[in-house]
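input_25.txt (compact mmCIF, C-alpha atoms and all ligand atoms) appears below.
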# COMPACT_ATOMS: atom_id res chain seq x y z
CA MET A 1 -32.24 20.38 -4.87
CA ARG A 2 -30.10 18.74 -7.53
CA GLU A 3 -27.39 18.19 -4.92
CA VAL A 4 -29.77 16.28 -2.74
CA ALA A 5 -31.04 14.12 -5.59
CA ARG A 6 -27.53 12.75 -6.01
CA ASP A 7 -27.21 11.74 -2.35
CA LEU A 8 -26.84 8.04 -1.65
CA LEU A 9 -27.95 6.37 1.58
CA ILE A 10 -26.23 3.05 2.26
CA THR A 11 -27.93 0.84 4.83
CA GLY A 12 -27.67 -2.82 5.76
CA CYS A 13 -24.21 -2.49 7.33
CA LYS A 14 -24.33 -5.23 9.96
CA GLN A 15 -20.99 -3.94 11.26
CA LEU A 16 -19.84 -0.52 10.11
CA LEU A 17 -16.18 0.07 11.05
CA THR A 18 -15.84 3.86 11.09
CA LEU A 19 -12.35 4.04 12.68
CA ARG A 20 -13.42 7.44 14.01
CA GLY A 21 -10.89 9.27 16.14
CA GLY A 22 -7.48 10.67 15.43
CA TRP A 23 -4.50 9.52 13.46
CA PRO A 24 -1.93 8.15 13.24
CA ARG A 25 -2.89 5.33 15.59
CA ARG A 26 -0.39 3.94 18.08
CA GLY A 27 -0.46 1.50 20.97
CA ARG A 28 -3.92 0.69 22.31
CA ALA A 29 -5.59 3.14 19.93
CA LEU A 30 -4.42 0.98 17.00
CA GLY A 31 -7.21 -1.46 17.76
CA GLU A 32 -10.06 1.08 17.96
CA LEU A 33 -12.56 0.44 15.19
CA GLY A 34 -15.45 2.75 16.11
CA LEU A 35 -17.81 -0.13 15.31
CA ILE A 36 -21.49 0.65 14.71
CA ARG A 37 -24.01 -2.18 14.50
CA ASP A 38 -26.72 -1.76 11.89
CA GLY A 39 -24.95 1.30 10.55
CA ALA A 40 -25.64 3.61 7.62
CA LEU A 41 -23.78 6.16 5.53
CA LEU A 42 -25.05 9.18 3.65
CA ILE A 43 -22.87 10.08 0.70
CA ARG A 44 -22.89 13.41 -1.13
CA ASP A 45 -20.54 14.39 -3.95
CA GLY A 46 -18.29 11.45 -3.23
CA ARG A 47 -17.86 12.33 0.42
CA ILE A 48 -19.41 11.17 3.65
CA ALA A 49 -22.17 13.59 4.66
CA ALA A 50 -23.39 11.58 7.65
CA VAL A 51 -22.50 8.30 9.35
CA GLY A 52 -24.11 6.51 12.29
CA PRO A 53 -26.70 3.94 13.30
CA ARG A 54 -29.40 3.45 10.64
CA TRP A 55 -32.15 4.78 12.92
CA SER A 56 -30.35 8.07 13.40
CA LEU A 57 -29.59 8.60 9.71
CA GLU A 58 -33.09 7.70 8.60
CA ARG A 59 -34.38 10.67 10.57
CA LEU A 60 -32.39 13.14 8.46
CA PRO A 61 -34.50 14.87 5.78
CA ALA A 62 -31.65 14.55 3.25
CA ALA A 63 -31.46 10.81 3.90
CA ARG A 64 -35.19 10.43 3.26
CA ARG A 65 -34.81 12.01 -0.16
CA ALA A 66 -31.61 10.11 -1.07
CA ARG A 67 -31.19 7.19 -3.40
CA ARG A 68 -30.97 4.05 -1.27
CA LEU A 69 -28.76 1.02 -1.34
CA ASP A 70 -29.49 -1.73 1.17
CA LEU A 71 -26.50 -4.03 1.50
CA GLY A 72 -28.59 -6.58 3.37
CA GLY A 73 -26.24 -7.16 6.31
CA LYS A 74 -22.60 -6.81 5.30
CA ILE A 75 -19.34 -5.75 6.96
CA VAL A 76 -18.39 -2.24 5.78
CA LEU A 77 -15.01 -0.62 6.39
CA PRO A 78 -12.79 2.04 4.82
CA GLY A 79 -11.24 0.89 1.55
CA PHE A 80 -7.74 -0.50 2.09
CA VAL A 81 -4.87 1.94 1.59
CA ASP A 82 -2.00 -0.16 0.25
CA SER A 83 0.97 2.09 0.92
CA HIS A 84 3.71 -0.06 -0.68
CA THR A 85 3.47 -1.66 -4.13
CA HIS A 86 5.68 -2.16 -7.16
CA LEU A 87 2.67 -2.14 -9.48
CA LEU A 88 4.27 -2.02 -12.90
CA PHE A 89 6.36 -4.97 -14.04
CA ALA A 90 6.56 -6.94 -17.26
CA ALA A 91 6.34 -10.55 -16.10
CA SER A 92 6.25 -12.83 -13.08
CA ARG A 93 9.47 -14.41 -11.79
CA VAL A 94 7.95 -17.82 -11.37
CA GLU A 95 11.20 -19.57 -12.39
CA GLU A 96 12.91 -18.02 -9.34
CA TYR A 97 10.01 -19.20 -7.21
CA GLU A 98 10.85 -22.76 -8.22
CA GLN A 99 14.57 -22.17 -7.66
CA ARG A 100 13.83 -21.00 -4.12
CA ILE A 101 11.63 -23.99 -3.46
CA ALA A 102 14.63 -26.11 -4.50
CA GLY A 103 16.78 -24.29 -1.92
CA ALA A 104 18.28 -21.14 -3.50
CA SER A 105 17.87 -17.94 -1.49
CA TYR A 106 16.52 -14.59 -2.71
CA GLU A 107 19.96 -13.01 -2.36
CA GLU A 108 21.77 -15.88 -4.15
CA ILE A 109 19.42 -15.52 -7.09
CA ALA A 110 20.03 -11.76 -7.13
CA GLN A 111 23.82 -12.25 -7.05
CA ARG A 112 23.56 -14.45 -10.13
CA GLY A 113 21.95 -11.56 -12.02
CA GLY A 114 18.37 -12.68 -11.46
CA GLY A 115 16.06 -11.00 -9.00
CA ILE A 116 15.33 -7.32 -9.50
CA LEU A 117 17.72 -7.16 -12.49
CA SER A 118 15.76 -9.81 -14.35
CA SER A 119 12.63 -7.66 -13.93
CA VAL A 120 14.66 -4.69 -15.17
CA ARG A 121 15.70 -6.49 -18.36
CA ARG A 122 12.10 -7.40 -19.06
CA LEU A 123 10.62 -4.01 -18.29
CA ARG A 124 13.12 -2.23 -20.52
CA ARG A 125 12.07 -4.44 -23.44
CA ALA A 126 8.32 -4.22 -22.81
CA THR A 127 6.17 -1.76 -24.74
CA PRO A 128 4.07 0.78 -22.84
CA GLY A 129 0.98 -0.96 -24.21
CA GLU A 130 1.95 -4.34 -22.76
CA LEU A 131 2.82 -2.82 -19.40
CA LEU A 132 -0.41 -0.85 -19.28
CA GLN A 133 -2.51 -3.88 -20.03
CA ARG A 134 -0.93 -5.84 -17.20
CA ALA A 135 -1.23 -2.98 -14.73
CA ARG A 136 -4.89 -2.42 -15.63
CA ARG A 137 -5.70 -6.06 -14.92
CA TRP A 138 -3.95 -5.93 -11.57
CA LEU A 139 -5.67 -2.67 -10.63
CA GLN A 140 -9.01 -4.37 -11.17
CA GLU A 141 -7.84 -7.13 -8.84
CA PHE A 142 -6.81 -4.58 -6.21
CA ALA A 143 -10.32 -3.11 -6.36
CA ALA A 144 -11.85 -6.58 -6.15
CA HIS A 145 -10.00 -7.16 -2.87
CA GLY A 146 -11.20 -3.90 -1.29
CA THR A 147 -8.27 -1.59 -2.04
CA THR A 148 -9.17 1.98 -3.01
CA THR A 149 -5.80 3.77 -2.85
CA LEU A 150 -2.34 2.41 -3.55
CA GLU A 151 1.19 3.65 -3.75
CA ALA A 152 3.09 2.59 -6.88
CA LYS A 153 6.87 2.57 -7.22
CA SER A 154 9.12 2.71 -10.24
CA GLY A 155 12.40 0.81 -9.90
CA TYR A 156 12.40 -1.80 -12.65
CA GLY A 157 13.70 0.68 -15.22
CA LEU A 158 16.91 2.04 -13.65
CA ASP A 159 17.72 4.26 -16.61
CA SER A 160 16.15 7.55 -17.60
CA ALA A 161 14.00 6.21 -20.41
CA SER A 162 12.57 3.27 -18.48
CA GLU A 163 12.06 5.04 -15.16
CA LEU A 164 10.28 7.89 -16.94
CA LYS A 165 8.31 5.34 -18.98
CA THR A 166 7.10 3.72 -15.74
CA LEU A 167 6.18 6.96 -14.01
CA ARG A 168 4.39 8.32 -17.07
CA LEU A 169 2.36 5.13 -17.26
CA TYR A 170 1.36 5.68 -13.63
CA ARG A 171 0.21 9.17 -14.61
CA GLN A 172 -1.87 7.71 -17.42
CA LEU A 173 -3.35 5.06 -15.11
CA ARG A 174 -4.21 7.75 -12.58
CA ARG A 175 -6.25 9.50 -15.22
CA GLU A 176 -8.04 6.56 -16.78
CA GLN A 177 -9.25 4.40 -13.88
CA PRO A 178 -10.85 5.05 -10.49
CA LEU A 179 -8.25 3.87 -7.96
CA GLU A 180 -6.03 6.57 -6.53
CA LEU A 181 -2.36 5.92 -7.36
CA VAL A 182 0.42 7.57 -5.38
CA PRO A 183 3.65 7.49 -7.42
CA THR A 184 7.07 6.92 -5.87
CA PHE A 185 10.44 7.22 -7.60
CA LEU A 186 12.57 4.16 -6.74
CA GLY A 187 15.46 4.72 -9.14
CA ALA A 188 17.71 3.45 -6.32
CA HIS A 189 16.32 -0.08 -6.27
CA VAL A 190 19.60 -1.80 -7.22
CA VAL A 191 22.66 -0.74 -9.24
CA PRO A 192 21.90 -1.26 -12.95
CA PRO A 193 24.36 -3.11 -15.24
CA GLU A 194 25.58 0.17 -16.79
CA PHE A 195 26.92 1.25 -13.38
CA ARG A 196 28.10 -2.12 -12.11
CA GLY A 197 30.61 -1.62 -9.29
CA ARG A 198 29.94 2.14 -9.31
CA ALA A 199 27.04 2.58 -6.95
CA ASP A 200 28.13 6.07 -5.87
CA ALA A 201 28.26 7.21 -9.48
CA TYR A 202 24.77 5.83 -10.07
CA ILE A 203 23.43 7.70 -7.02
CA GLU A 204 25.01 10.92 -8.34
CA TYR A 205 23.45 10.30 -11.72
CA LEU A 206 20.04 9.85 -10.11
CA ALA A 207 20.44 12.88 -7.86
CA ARG A 208 21.71 15.24 -10.56
CA LYS A 209 20.08 14.02 -13.75
CA LEU A 210 17.01 11.88 -13.25
CA LEU A 211 15.46 13.23 -10.03
CA PRO A 212 15.23 16.80 -11.33
CA ARG A 213 13.40 15.55 -14.44
CA VAL A 214 11.02 13.43 -12.39
CA ALA A 215 10.29 16.42 -10.18
CA ALA A 216 9.98 18.89 -13.06
CA GLU A 217 7.38 16.69 -14.76
CA GLY A 218 5.54 16.18 -11.46
CA LEU A 219 5.84 12.43 -11.88
CA ALA A 220 6.36 11.36 -8.27
CA GLU A 221 5.34 12.37 -4.77
CA TYR A 222 7.93 10.28 -2.94
CA CYS A 223 11.51 9.12 -3.32
CA ASP A 224 12.35 5.63 -2.04
CA VAL A 225 15.67 3.78 -1.70
CA PHE A 226 16.28 0.05 -1.22
CA CYS A 227 18.79 0.56 1.58
CA ASP A 228 19.98 -2.94 2.34
CA ARG A 229 22.70 -5.56 1.90
CA GLY A 230 23.28 -6.00 -1.84
CA ALA A 231 21.55 -2.70 -2.70
CA PHE A 232 22.48 0.76 -1.35
CA THR A 233 24.26 1.94 1.81
CA VAL A 234 22.90 4.34 4.40
CA ALA A 235 25.23 7.08 3.10
CA GLN A 236 24.01 6.58 -0.47
CA ALA A 237 20.39 6.56 0.66
CA ARG A 238 20.92 9.73 2.70
CA ARG A 239 22.44 11.47 -0.33
CA LEU A 240 19.62 10.56 -2.69
CA LEU A 241 16.73 11.09 -0.27
CA SER A 242 18.11 14.52 0.64
CA ALA A 243 18.33 15.38 -3.06
CA GLY A 244 14.77 14.14 -3.47
CA ARG A 245 13.57 16.29 -0.62
CA ALA A 246 15.29 19.32 -2.15
CA VAL A 247 13.14 18.93 -5.26
CA GLY A 248 9.93 18.29 -3.32
CA LEU A 249 9.85 14.48 -3.05
CA ALA A 250 9.31 13.23 0.51
CA PRO A 251 11.45 10.27 1.57
CA ARG A 252 10.43 6.68 2.33
CA ILE A 253 12.83 3.76 2.78
CA HIS A 254 13.03 -0.01 2.24
CA ALA A 255 14.70 -0.69 5.59
CA GLU A 256 16.15 -3.64 7.53
CA GLN A 257 14.69 -6.38 5.31
CA LEU A 258 17.70 -8.59 4.49
CA ALA A 259 20.19 -7.27 7.05
CA ARG A 260 20.31 -4.67 9.81
CA THR A 261 22.01 -1.70 8.13
CA GLY A 262 20.90 1.41 10.01
CA ALA A 263 18.26 2.32 7.42
CA ALA A 264 15.54 2.62 10.06
CA LEU A 265 17.57 5.20 11.97
CA LEU A 266 18.10 7.07 8.71
CA ALA A 267 14.32 7.12 8.27
CA VAL A 268 14.02 8.70 11.72
CA GLU A 269 16.83 11.18 10.99
CA LEU A 270 15.14 12.30 7.77
CA ASN A 271 11.63 12.13 9.24
CA ALA A 272 10.69 9.84 6.35
CA ALA A 273 7.03 9.16 5.61
CA SER A 274 7.68 5.47 6.25
CA ALA A 275 10.27 2.80 6.95
CA ASP A 276 9.13 -0.38 5.26
CA HIS A 277 9.87 -4.10 5.96
CA LEU A 278 11.80 -3.92 9.31
CA GLU A 279 12.21 -7.69 9.70
CA LYS A 280 15.75 -7.15 11.04
CA VAL A 281 15.29 -4.08 13.30
CA SER A 282 17.32 -3.93 16.51
CA ALA A 283 15.89 -3.05 19.91
CA ALA A 284 17.42 0.43 19.63
CA ASP A 285 15.95 0.94 16.14
CA LEU A 286 12.59 -0.06 17.49
CA ARG A 287 12.75 2.48 20.31
CA ALA A 288 13.79 5.24 17.92
CA LEU A 289 10.99 4.41 15.50
CA ALA A 290 8.48 4.33 18.35
CA ARG A 291 9.43 7.85 19.43
CA SER A 292 9.24 9.18 15.87
CA SER A 293 6.41 10.03 13.49
CA VAL A 294 7.77 7.62 10.85
CA CYS A 295 5.22 5.00 9.85
CA CYS A 296 6.52 1.42 10.25
CA THR A 297 5.05 -0.36 7.25
CA LEU A 298 5.10 -4.13 7.65
CA LEU A 299 4.94 -6.41 4.61
CA PRO A 300 4.31 -9.96 5.81
CA GLY A 301 3.60 -11.17 2.27
CA CYS A 302 7.39 -11.18 1.70
CA CYS A 303 8.23 -13.62 4.50
CA PHE A 304 5.32 -15.79 3.49
CA HIS A 305 6.24 -15.94 -0.19
CA LEU A 306 9.99 -16.34 0.47
CA GLY A 307 9.28 -19.02 3.06
CA LEU A 308 11.07 -17.13 5.86
CA ARG A 309 10.20 -17.62 9.50
CA LYS A 310 11.27 -14.26 10.93
CA TYR A 311 8.47 -11.76 10.41
CA ALA A 312 8.83 -8.15 11.54
CA PRO A 313 8.32 -7.71 15.32
CA ALA A 314 4.84 -6.22 15.06
CA ARG A 315 3.89 -6.79 18.69
CA ARG A 316 7.06 -5.18 20.01
CA LEU A 317 6.61 -2.22 17.68
CA ILE A 318 3.00 -1.74 18.73
CA GLU A 319 3.77 -2.10 22.42
CA ALA A 320 6.64 0.39 22.14
CA GLY A 321 4.17 2.88 20.63
CA ALA A 322 5.29 2.87 16.97
CA ILE A 323 2.92 3.78 14.16
CA VAL A 324 2.31 0.51 12.31
CA ALA A 325 0.82 0.08 8.83
CA LEU A 326 0.36 -3.01 6.66
CA ALA A 327 0.80 -3.23 2.89
CA THR A 328 1.08 -5.90 0.21
CA ASP A 329 4.47 -4.95 -1.34
CA PHE A 330 2.93 -6.32 -4.55
CA ASN A 331 5.97 -7.21 -6.69
CA PRO A 332 7.16 -10.17 -8.78
CA GLY A 333 10.15 -11.07 -6.57
CA THR A 334 9.08 -11.20 -2.96
CA SER A 335 5.33 -10.66 -2.66
CA PRO A 336 3.16 -11.37 -5.67
CA THR A 337 -0.17 -10.57 -4.07
CA VAL A 338 -2.65 -7.72 -4.36
CA SER A 339 -4.75 -9.07 -1.50
CA MET A 340 -4.93 -6.92 1.61
CA PRO A 341 -7.26 -9.51 3.22
CA MET A 342 -4.45 -12.07 2.83
CA VAL A 343 -1.95 -9.60 4.31
CA LEU A 344 -4.31 -9.18 7.27
CA ALA A 345 -4.43 -12.95 7.71
CA LEU A 346 -0.62 -13.10 7.78
CA ALA A 347 -0.40 -10.14 10.16
CA CYS A 348 -2.76 -11.86 12.59
CA SER A 349 -1.54 -15.44 12.48
CA GLN A 350 2.18 -14.83 11.91
CA MET A 351 2.78 -11.49 13.66
CA ARG A 352 0.03 -11.77 16.30
CA MET A 353 -1.70 -8.53 15.48
CA THR A 354 -5.36 -8.57 16.41
CA PRO A 355 -7.87 -8.37 13.55
CA ALA A 356 -8.84 -4.87 14.74
CA GLU A 357 -5.20 -3.69 14.80
CA ALA A 358 -4.60 -5.17 11.36
CA ILE A 359 -7.62 -3.35 9.91
CA VAL A 360 -6.53 0.04 11.26
CA ALA A 361 -2.96 -0.60 10.06
CA ALA A 362 -4.28 -1.40 6.58
CA THR A 363 -6.53 1.65 6.28
CA LEU A 364 -6.05 4.71 8.49
CA ASN A 365 -2.34 4.21 9.21
CA GLY A 366 -1.73 3.37 5.54
CA ALA A 367 -3.41 6.67 4.68
CA TYR A 368 -1.11 8.39 7.18
CA ALA A 369 1.92 6.74 5.52
CA LEU A 370 0.80 8.34 2.24
CA ARG A 371 0.00 11.64 3.99
CA ARG A 372 -3.64 11.43 3.09
CA ALA A 373 -5.24 10.66 6.44
CA GLU A 374 -7.17 13.92 6.45
CA ARG A 375 -9.06 12.69 3.34
CA ILE A 376 -9.18 8.87 3.48
CA GLY A 377 -8.64 5.89 5.81
CA SER A 378 -11.68 6.28 8.08
CA LEU A 379 -15.41 6.78 7.59
CA GLU A 380 -16.02 10.21 9.05
CA VAL A 381 -17.95 13.24 7.87
CA GLY A 382 -16.05 15.12 5.18
CA LYS A 383 -13.80 12.25 4.16
CA PHE A 384 -14.09 10.49 0.82
CA ALA A 385 -16.59 7.65 0.65
CA ASP A 386 -14.01 4.95 -0.13
CA LEU A 387 -15.48 1.68 1.12
CA ALA A 388 -14.84 -2.04 1.14
CA VAL A 389 -17.85 -4.31 1.67
CA PHE A 390 -17.38 -7.90 2.90
CA ASP A 391 -19.99 -10.64 2.85
CA LEU A 392 -19.20 -12.04 6.31
CA ASP A 393 -20.84 -12.15 9.73
CA ASP A 394 -18.06 -10.49 11.71
CA TYR A 395 -15.12 -8.24 10.78
CA ARG A 396 -12.70 -10.72 12.41
CA GLU A 397 -13.58 -13.19 9.68
CA ILE A 398 -11.73 -11.02 7.12
CA PRO A 399 -8.35 -12.43 8.24
CA TYR A 400 -9.86 -15.66 9.58
CA TYR A 401 -11.05 -16.99 6.22
CA PHE A 402 -7.57 -16.71 4.68
CA GLY A 403 -7.03 -17.10 0.97
CA VAL A 404 -10.70 -16.54 0.16
CA ASN A 405 -11.94 -13.25 -1.14
CA ARG A 406 -15.20 -12.27 0.54
CA CYS A 407 -15.04 -8.65 -0.67
CA VAL A 408 -18.25 -8.19 -2.63
CA ALA A 409 -18.24 -4.46 -3.33
CA THR A 410 -15.83 -1.54 -3.42
CA PHE A 411 -16.71 2.15 -3.59
CA LYS A 412 -14.34 4.93 -4.64
CA HIS A 413 -15.49 8.49 -3.98
CA GLY A 414 -19.00 7.13 -3.50
CA GLU A 415 -19.07 5.27 -6.84
CA LEU A 416 -19.42 1.52 -7.01
CA ILE A 417 -16.25 0.45 -8.84
CA TYR A 418 -16.47 -3.28 -8.16
CA SER A 419 -19.54 -5.32 -7.28
CA ARG A 420 -20.75 -8.85 -7.01
CA LEU A 421 -23.68 -7.85 -4.84
CA ARG A 422 -26.80 -9.69 -5.72
O1 LIG B 1 10.10 -4.76 -1.39
N1 LIG B 1 13.37 -5.30 -1.49
C1 LIG B 1 13.28 -4.62 -2.48
N2 LIG B 1 12.24 -4.52 -3.27
C2 LIG B 1 11.19 -5.47 -3.29
C3 LIG B 1 11.54 -6.70 -4.03
C4 LIG B 1 11.60 -6.39 -5.45
C5 LIG B 1 11.87 -7.57 -6.32
O2 LIG B 1 12.41 -8.61 -5.89
O3 LIG B 1 11.52 -7.44 -7.50
C6 LIG B 1 10.65 -5.71 -1.91
O4 LIG B 1 10.73 -6.81 -1.34
FE FE B 2 9.09 -3.17 -1.87

Hey, can you dump this file as structure tokens for me?
Ligand code: NIG
Ligand code: FE
Amino acid sequence: MREVARDLLITGCKQLLTLRGGWPRRGRALGELGLIRDGALLIRDGRIAAVGPRWSLERLPAARRARRLDLGGKIVLPGFVDSHTHLLFAASRVEEYEQRIAGASYEEIAQRGGGILSSVRRLRRATPGELLQRARRWLQEFAAHGTTTLEAKSGYGLDSASELKTLRLYRQLRREQPLELVPTFLGAHVVPPEFRGRADAYIEYLARKLLPRVAAEGLAEYCDVFCDRGAFTVAQARRLLSAGRAVGLAPRIHAEQLARTGAALLAVELNAASADHLEKVSAADLRALARSSVCCTLLPGCCFHLGLRKYAPARRLIEAGAIVALATDFNPGTSPTVSMPMVLALACSQMRMTPAEAIVAATLNGAYALRRAERIGSLEVGKFADLAVFDLDDYREIPYYFGVNRCVATFKHGELIYSRLR
């Protein structure tokens, strides 16, 4: 009886996007939303116990006894799964933003010692308390924009103390607040000043010294490498990602963002969880990705913020049958946004994804990219009740009204963690 008393019946879902069906989603299936008009959800112990049209749920005895929440006609979908963020950093890089507006490029700024290295200098100096406070504020903003799970990378430390500091703060944040954080070790973001001109030696240091400590403390689930012009080569990435795999960290790769390097093919070779960015993929890369089970995670916030015209070829990837996800890439250099609704707007208007495709890419396929699709990413019986609620008339208005946040409630494991419902 006590179990039943805790049940929650949510009604008033004008459009309930269940995304029912299998995963990962490719091709035509990417746009399948499993939309129910006037839908309802029954939640028990944080999980979905029943989902369907209101009339069918209201007939269930358990639903009649449940606590009720009437949303009064909202759009309800799975909480966003943001599978690529650099959550923890010490400060914005707003001075570089102005330099780029004046004509400098991202890579020129990096070559002058700015870019990622300027975030590294600041993170090394910052106290854990300062970093925590910033991350907590941003996590609340993620929740306020409908995100319920996010990946979080290290990579602004680049020495043992600062990388471990970052990953331990992620562990603390996982324990103290409701959003699910998936930690990724990105020690190979760029070569730190201590190893200048000795990238191979830095990779060996990471592989032999730091990775084993990260793994032994259970601080990361994934190992990522920025495999690109000005960062690490395919051979270096292969070495480190293989070492990561040997200690239990699955690979994911920053691939083909600034230049076509072969990183996407490395992702296929290693059966990486994801290949992220892909602005510069070749036709052959695209075919190989499409045949693989690697998730192609597109990050249109980067092109938008950097003012670049050439977005990743989303349509060609989808039509070739690749698994496509969308994420914010929240970071101070290339994509300072936590807003998945804004990312959806960019995906639709700049990469010509349909609103339905963008929603599946930002939820179920994001969950697949984090190897959690059996638990989150769609609203089906047995999965966690992670929900985003939008005060709109139609789900297509989520990307349509760009730059406005119409998310009015977010649920994590059935608990209301953000609300401006009246
Ligand atoms: O995903 N490209 C590498 N990493 C980030 C940028 C990080 C930064 O500039 O601070 C990205 O775009
Ligand atoms: Fe990134």

Problem - Long-range neighbours of Arg67 of chain A as a PyMOL selection string, 9 Å cut-off, all atoms listed in the file, 6 positions minimum in chain - result: chain A and resi 5-10

Using all atoms listed in the file, I'd like a table of the residues in segment 321-383 of chain A that come within 12 Å of segment 284-288 of chain A; for each, show the closest atom pair and its distance in Å rounded to one decimal, ordered by chain and ascending number, as a tab-separated table.
residue	atom	partner	partner_atom	distance
A:Gly321	CA	A:Arg287	CA	8.6
A:Ala322	CA	A:Leu286	CA	7.9
A:Ile323	CA	A:Leu286	CA	10.9
A:Val324	CA	A:Leu286	CA	11.5

Exercise for the section: Check which residues fall inside 8 Å of ligand FE 2 (chain B) when counting only C-alpha atoms and all ligand atoms, and print them as an NGL selection string. Expected result: :A and (84-86 or 226 or 254 or 276-277 or 329-331)

Write a file of the just-selected residues containing C-alpha atoms, as a short mmCIF file (atom, residue, chain, number, x, y, z; two decimals), in the coordinates of the input.
data_model
loop_
_atom_site.label_atom_id
_atom_site.label_comp_id
_atom_site.auth_asym_id
_atom_site.auth_seq_id
_atom_site.Cartn_x
_atom_site.Cartn_y
_atom_site.Cartn_z
CA HIS A 84 3.71 -0.06 -0.68
CA THR A 85 3.47 -1.66 -4.13
CA HIS A 86 5.68 -2.16 -7.16
CA PHE A 226 16.28 0.05 -1.22
CA HIS A 254 13.03 -0.01 2.24
CA ASP A 276 9.13 -0.38 5.26
CA HIS A 277 9.87 -4.10 5.96
CA ASP A 329 4.47 -4.95 -1.34
CA PHE A 330 2.93 -6.32 -4.55
CA ASN A 331 5.97 -7.21 -6.69
#

Handout entry: Separation of atom CA of Arg136 of chain A from atom CA of Glu176 of chain A in Å
Key =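 Between atom CA of Glu176 of chain A and atom CA of Arg136 of chain A the gap works out to 9.6 Å.
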
Show me, as a Markdown table, the residues of chain A having an atom within 9 Å of ligand LIG 1 (chain B), each with the closest atom pair and its distance in Å, using only C-alpha atoms and all ligand atoms.
| residue | atom | partner | partner_atom | distance |
| --- | --- | --- | --- | --- |
| A:His84 | CA | B:LIG1 | O1 | 8.0 |
| A:Thr85 | CA | B:LIG1 | O1 | 7.8 |
| A:His86 | CA | B:LIG1 | C4 | 7.5 |
| A:Phe89 | CA | B:LIG1 | O3 | 8.7 |
| A:Arg93 | CA | B:LIG1 | O3 | 8.4 |
| A:Tyr106 | CA | B:LIG1 | O2 | 7.9 |
| A:Ala110 | CA | B:LIG1 | O2 | 8.3 |
| A:Gly115 | CA | B:LIG1 | O2 | 5.4 |
| A:Ile116 | CA | B:LIG1 | O3 | 4.3 |
| A:Leu117 | CA | B:LIG1 | O3 | 8.0 |
| A:Ser118 | CA | B:LIG1 | O3 | 8.4 |
| A:Ser119 | CA | B:LIG1 | O3 | 6.5 |
| A:Val120 | CA | B:LIG1 | O3 | 8.7 |
| A:Gly155 | CA | B:LIG1 | C4 | 8.5 |
| A:Tyr156 | CA | B:LIG1 | O3 | 7.7 |
| A:His189 | CA | B:LIG1 | C1 | 6.6 |
| A:Val190 | CA | B:LIG1 | C1 | 8.4 |
| A:Val225 | CA | B:LIG1 | C1 | 8.8 |
| A:Phe226 | CA | B:LIG1 | C1 | 5.7 |
| A:Cys227 | CA | B:LIG1 | N1 | 8.6 |
| A:Asp228 | CA | B:LIG1 | N1 | 8.0 |
| A:Ala231 | CA | B:LIG1 | C1 | 8.5 |
| A:His254 | CA | B:LIG1 | N1 | 6.5 |
| A:Ala255 | CA | B:LIG1 | N1 | 8.6 |
| A:Gln257 | CA | B:LIG1 | N1 | 7.0 |
| A:Leu258 | CA | B:LIG1 | N1 | 8.1 |
| A:Asp276 | CA | B:LIG1 | O1 | 8.0 |
| A:His277 | CA | B:LIG1 | O1 | 7.4 |
| A:Leu299 | CA | B:LIG1 | O1 | 8.1 |
| A:Cys302 | CA | B:LIG1 | O4 | 6.3 |
| A:Asp329 | CA | B:LIG1 | O1 | 5.6 |
| A:Phe330 | CA | B:LIG1 | O1 | 8.0 |
| A:Asn331 | CA | B:LIG1 | O3 | 5.6 |
| A:Pro332 | CA | B:LIG1 | O3 | 5.3 |
| A:Gly333 | CA | B:LIG1 | O2 | 3.4 |
| A:Thr334 | CA | B:LIG1 | O4 | 5.0 |
| A:Ser335 | CA | B:LIG1 | O4 | 6.8 |

Produce a file of the selected residues containing C-alpha atoms, as a compact mmCIF listing (two decimals), in the frame of the given file.
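Printed below is part20.txt as written:
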# COMPACT_ATOMS: atom_id res chain seq x y z
CA HIS A 84 3.71 -0.06 -0.68
CA THR A 85 3.47 -1.66 -4.13
CA HIS A 86 5.68 -2.16 -7.16
CA PHE A 89 6.36 -4.97 -14.04
CA ARG A 93 9.47 -14.41 -11.79
CA TYR A 106 16.52 -14.59 -2.71
CA ALA A 110 20.03 -11.76 -7.13
CA GLY A 115 16.06 -11.00 -9.00
CA ILE A 116 15.33 -7.32 -9.50
CA LEU A 117 17.72 -7.16 -12.49
CA SER A 118 15.76 -9.81 -14.35
CA SER A 119 12.63 -7.66 -13.93
CA VAL A 120 14.66 -4.69 -15.17
CA GLY A 155 12.40 0.81 -9.90
CA TYR A 156 12.40 -1.80 -12.65
CA HIS A 189 16.32 -0.08 -6.27
CA VAL A 190 19.60 -1.80 -7.22
CA VAL A 225 15.67 3.78 -1.70
CA PHE A 226 16.28 0.05 -1.22
CA CYS A 227 18.79 0.56 1.58
CA ASP A 228 19.98 -2.94 2.34
CA ALA A 231 21.55 -2.70 -2.70
CA HIS A 254 13.03 -0.01 2.24
CA ALA A 255 14.70 -0.69 5.59
CA GLN A 257 14.69 -6.38 5.31
CA LEU A 258 17.70 -8.59 4.49
CA ASP A 276 9.13 -0.38 5.26
CA HIS A 277 9.87 -4.10 5.96
CA LEU A 299 4.94 -6.41 4.61
CA CYS A 302 7.39 -11.18 1.70
CA ASP A 329 4.47 -4.95 -1.34
CA PHE A 330 2.93 -6.32 -4.55
CA ASN A 331 5.97 -7.21 -6.69
CA PRO A 332 7.16 -10.17 -8.78
CA GLY A 333 10.15 -11.07 -6.57
CA THR A 334 9.08 -11.20 -2.96
CA SER A 335 5.33 -10.66 -2.66

Exercise for the section: Rank nothing, just name the residue among A:Ala50, A:Ala388, A:Val182, A:Leu33 nearest to Gly218 of chain A, using all atoms listed in the file. Expected result: A:Val182
